[in-house]
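Student: Here's a structure for you.
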Amino acid sequence: QVQLVESGGGLVQAGGSLRLSCAASGLSFSSYTMGWFRQAPGKEREFVAAIRRNGITTYYHYADSVKGRFTISRDNAKNMGYLQMNSLKPEDTAVYYCAASPAYFNNYYSAPGYNYWGQGTQVTVSS
């Protein structure tokens, strides 16, 4: 049974940092496309970042709104994924979700492409 569990959310002031973690079980994270999405109240779930591997090449992708501030990574040995968030802004406030797909696919920015989801962790950035 595949399970993704996020942690690391919380309340932080604007300009601060948080690191989200995603613990995976029931799958080998290294061969999966891993994504982070977020959903603010009253808004649709949106793409934040993704990491995917095609053979020996690993690709990193970011939404324009977080590029240069957020960094996605994973530790294959620990089956863990991470999202380092720096220079946080109030508009980053949302529930953040970790997602995984066994496929290497081009529309990594699209939520329906992912098979597995965590329960989410709340990130609140105060001004």
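Residues in the structure tokens are numbered from 1 in each chain, the chains being A, B, ... in the order shown, and ligands are numbered from 1 in the order shown.
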Can you list, as a ChimeraX atom specification, every protein, DNA or RNA residue that comes within 10 Å of region 35-38 of chain A when you count only C-alpha atoms, leaving out same-chain residues fewer than 4 positions away?
Tutor: /A:20,22,43-52,60-63,72,81-83,92-101,108-111,114,117-118,120-123
Student: Write out as a PyMOL selection string which residues come within 8 Å of Gln3 (chain A) when counting only C-alpha atoms, dropping same-chain ones fewer than 5 positions away.
Tutor: chain A and resi 23-26+116-118
Student: Take the selection from the previous step and output its residues with C-alpha atoms, as a PDB file, in the first residue's frame.
Tutor:
```
ATOM      1  CA  ALA A  23       7.819  10.357   3.612  1.00  0.00           C
ATOM      2  CA  ALA A  24       6.988   7.666   1.079  1.00  0.00           C
ATOM      3  CA  SER A  25       6.221   4.016   1.748  1.00  0.00           C
ATOM      4  CA  GLY A  26       5.105   1.229  -0.538  1.00  0.00           C
ATOM      5  CA  TYR A 116      -0.723   9.056  -5.117  1.00  0.00           C
ATOM      6  CA  TRP A 117      -1.242  11.980  -2.777  1.00  0.00           C
ATOM      7  CA  GLY A 118      -0.454  12.852   0.794  1.00  0.00           C
TER       8      GLY A 118
END
```
Student: Select, from A:Pro41, A:Gly16, A:Gly9, A:Pro102, the residue with the minimum atom-to-atom distance to Lys89 (chain A), counting only C-alpha atoms.
Tutor: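 Smallest distance to Lys89 (chain A) is found for A:Gly16.
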Student: Enumerate, as a ChimeraX atom specification, the complete set of residues in chain A that a backbone-based DSSP assignment places in strand (DSSP E).
Tutor: /A:3-7,10-13,18-25,33-39,46-54,57-62,70-75,80-85,94-101,116-117,121-126
Student: So the first atom is CA of Gly68 (chain A) and the second is CA of Ser28 (chain A); what is the distance between them in Å, to one decimal place?
Tutor: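 CA of Ser28 (chain A) lies at a distance of 28.2 Å from CA of Gly68 (chain A).
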Student: When distances are computed from only C-alpha atoms, which of A:Gln1, A:Gln84, A:Asn79, A:Thr33 shows the smallest separation from Tyr59 (chain A)?
Tutor: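 Closest to Tyr59 (chain A), using only C-alpha atoms: A:Thr33.
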